[in-house]
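Single-structure report; data block below.
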Amino acid sequence: MPGTALITVFDKAGIVEFAVALSKAGWTLLSCGGTLQALRKGGCDAGDVGDVLEGAGQCPGMFGGSLKTLQPAVHGAILAHTDQQLAELAEHGIRPIDMVVCNLAPCGRSLAAIDIGGSCLLRTAAKNYRRVTVVSRPDDYPQVLESLGCSTEQQRETLAVTALRTAAAYDSELVVHLTP
């Protein structure tokens, strides 16, 4: 059953083709920044997550666009899983997010280069793997497209573990880069 996918990736390999396939399958696409530009340039009809945030009374982004997805409306849309929580989203005009497609920017050698939003998105989506599919590697795009509309909880759990491993490896790499 189609839903809403939030797509924000550093590694854009295969993302346009993946997004086009999601769109053709009836999914609503949300994105931001460079990913949104790449999707639109590739012919995808993707909405700007900032517009959704403004509509929900949230800040559309700050700090030159580097702070967009760390918002209650975004994380609530990913985390909601009970009927009561989904109804609360609807009261605020927020659609649930059913898929998060996110890979992280490479570690930099400074605190300013840390990918905070992407790491948080991966963890948030992984926490709610029973309802949300989280895709953290381009290599997983074909598998996800094959199972659209019929993914099992086991498949979503496996993808969630991959996302958590991705976030943990990123954190470990940060420690190595930032340790004097």
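Just remember, in the structure tokens the first chain shown is A, the second B, etc., residues are 1-based per chain, and ligands are 1-based in the order shown.
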
Determine, using only C-alpha atoms, which residues of segment 56-169 of chain A have any atom at most 10 Å from an atom of segment 13-30 of chain A, and tabulate each with its shortest atom pair and distance in Å to one decimal place, rows ordered by chain and then rising number, as JSON lines.
{"residue": "A:Ile97", "atom": "CA", "partner": "A:Leu30", "partner_atom": "CA", "distance": 9.1}
{"residue": "A:Asp98", "atom": "CA", "partner": "A:Trp27", "partner_atom": "CA", "distance": 9.5}
{"residue": "A:Met99", "atom": "CA", "partner": "A:Leu29", "partner_atom": "CA", "distance": 9.5}
{"residue": "A:Val100", "atom": "CA", "partner": "A:Leu30", "partner_atom": "CA", "distance": 9.6}
{"residue": "A:Val101", "atom": "CA", "partner": "A:Ile15", "partner_atom": "CA", "distance": 9.1}
{"residue": "A:Arg137", "atom": "CA", "partner": "A:Ala13", "partner_atom": "CA", "distance": 9.8}
{"residue": "A:Pro138", "atom": "CA", "partner": "A:Gly14", "partner_atom": "CA", "distance": 6.7}
{"residue": "A:Asp139", "atom": "CA", "partner": "A:Gly14", "partner_atom": "CA", "distance": 9.0}
{"residue": "A:Tyr141", "atom": "CA", "partner": "A:Phe18", "partner_atom": "CA", "distance": 6.4}
{"residue": "A:Pro142", "atom": "CA", "partner": "A:Phe18", "partner_atom": "CA", "distance": 8.0}
{"residue": "A:Val144", "atom": "CA", "partner": "A:Phe18", "partner_atom": "CA", "distance": 9.3}
{"residue": "A:Leu145", "atom": "CA", "partner": "A:Ala21", "partner_atom": "CA", "distance": 7.4}
{"residue": "A:Leu148", "atom": "CA", "partner": "A:Ala25", "partner_atom": "CA", "distance": 8.1}
{"residue": "A:Gly149", "atom": "CA", "partner": "A:Ala25", "partner_atom": "CA", "distance": 9.1}

With C-alpha atoms kept, could you save the residues just selected as a PDB file, in the first residue's frame?
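Full text of out-v8.pdb as output:
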ATOM      1  CA  ILE A  97       5.919   8.994   6.884  1.00  0.00           C
ATOM      2  CA  ASP A  98       6.042   5.326   5.910  1.00  0.00           C
ATOM      3  CA  MET A  99       9.544   5.108   4.453  1.00  0.00           C
ATOM      4  CA  VAL A 100      12.782   6.914   5.232  1.00  0.00           C
ATOM      5  CA  VAL A 101      15.546   6.761   2.630  1.00  0.00           C
ATOM      6  CA  ARG A 137      22.128   1.872   1.505  1.00  0.00           C
ATOM      7  CA  PRO A 138      21.665   2.229  -2.262  1.00  0.00           C
ATOM      8  CA  ASP A 139      22.352  -1.524  -2.510  1.00  0.00           C
ATOM      9  CA  TYR A 141      16.904  -0.164  -3.342  1.00  0.00           C
ATOM     10  CA  PRO A 142      16.150  -3.205  -5.570  1.00  0.00           C
ATOM     11  CA  VAL A 144      12.779  -2.571  -1.313  1.00  0.00           C
ATOM     12  CA  LEU A 145      11.206  -2.032  -4.750  1.00  0.00           C
ATOM     13  CA  LEU A 148       6.656  -2.639  -2.187  1.00  0.00           C
ATOM     14  CA  GLY A 149       3.226  -3.153  -0.740  1.00  0.00           C
TER      15      GLY A 149
END

Practice problem: Check the DSSP output for the backbone and give back, as a list in words, the residues of segment 10-171 of chain A in strand (DSSP E). | Solution: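 Taking segment 10-171 of chain A and keeping strand (DSSP E) gives Thr28, Leu29, Leu30, Ser31, Ala46, Gly47, Asp48, Met99, Val100, Val101, Cys102, Asn103, Thr133, Val134 and Val135 of chain A.
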
Just N, CA and C atoms for this one: save the residues we selected as a JSON list (two decimals), in the first residue's frame.
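Saved to result20.json:
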[["chain", "number", "residue", "atom", "x", "y", "z"],
["A", 28, "THR", "N", 3.98, 9.11, -2.30],
["A", 28, "THR", "CA", 4.21, 10.54, -2.22],
["A", 28, "THR", "C", 5.65, 10.74, -1.74],
["A", 29, "LEU", "N", 6.38, 11.60, -2.42],
["A", 29, "LEU", "CA", 7.79, 11.81, -2.10],
["A", 29, "LEU", "C", 8.00, 13.17, -1.43],
["A", 30, "LEU", "N", 8.78, 13.16, -0.35],
["A", 30, "LEU", "CA", 9.21, 14.38, 0.32],
["A", 30, "LEU", "C", 10.73, 14.38, 0.34],
["A", 31, "SER", "N", 11.32, 15.56, 0.22],
["A", 31, "SER", "CA", 12.77, 15.63, 0.25],
["A", 31, "SER", "C", 13.18, 17.05, 0.64],
["A", 46, "ALA", "N", 8.56, 15.61, -6.32],
["A", 46, "ALA", "CA", 8.82, 15.49, -4.88],
["A", 46, "ALA", "C", 8.47, 16.80, -4.19],
["A", 47, "GLY", "N", 7.83, 16.69, -3.05],
["A", 47, "GLY", "CA", 7.51, 17.86, -2.25],
["A", 47, "GLY", "C", 8.67, 18.22, -1.35],
["A", 48, "ASP", "N", 8.70, 19.48, -0.96],
["A", 48, "ASP", "CA", 9.74, 19.98, -0.06],
["A", 48, "ASP", "C", 9.29, 19.77, 1.38],
["A", 99, "MET", "N", 8.23, 5.57, 4.89],
["A", 99, "MET", "CA", 9.54, 5.11, 4.45],
["A", 99, "MET", "C", 10.53, 6.26, 4.61],
["A", 100, "VAL", "N", 11.70, 5.94, 5.13],
["A", 100, "VAL", "CA", 12.78, 6.91, 5.23],
["A", 100, "VAL", "C", 13.95, 6.35, 4.43],
["A", 101, "VAL", "N", 14.40, 7.13, 3.46],
["A", 101, "VAL", "CA", 15.55, 6.76, 2.63],
["A", 101, "VAL", "C", 16.63, 7.78, 2.94],
["A", 102, "CYS", "N", 17.69, 7.31, 3.60],
["A", 102, "CYS", "CA", 18.70, 8.25, 4.09],
["A", 102, "CYS", "C", 20.05, 7.56, 4.16],
["A", 103, "ASN", "N", 21.06, 8.18, 3.57],
["A", 103, "ASN", "CA", 22.43, 7.75, 3.84],
["A", 103, "ASN", "C", 23.20, 8.99, 4.27],
["A", 133, "THR", "N", 9.54, 1.58, 6.80],
["A", 133, "THR", "CA", 10.70, 0.98, 6.13],
["A", 133, "THR", "C", 11.81, 2.01, 6.13],
["A", 134, "VAL", "N", 13.01, 1.60, 6.55],
["A", 134, "VAL", "CA", 14.15, 2.50, 6.54],
["A", 134, "VAL", "C", 15.20, 1.92, 5.60],
["A", 135, "VAL", "N", 15.66, 2.77, 4.68],
["A", 135, "VAL", "CA", 16.61, 2.33, 3.66],
["A", 135, "VAL", "C", 17.86, 3.21, 3.79]]

Quiz item: If you run DSSP on the backbone, which residues of segment 1-162 of chain A are alpha helix (DSSP H), as a ChimeraX atom specification?
Solution: /A:15-24,33-41,49-55,72-79,83-91,116-127,141-146,153-162

Quiz item: Of the candidates A:Cys150, A:Cys107, A:Val74, A:Leu79, which one gets nearest to Asp171 of chain A if we count only C-alpha atoms?
Solution: A:Cys107

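Distances to Glu91 of chain A were evaluated for A:Ser172, A:Ala73, A:Arg40, A:Asp51 using only C-alpha atoms, and the minimum falls at A:Ala73.
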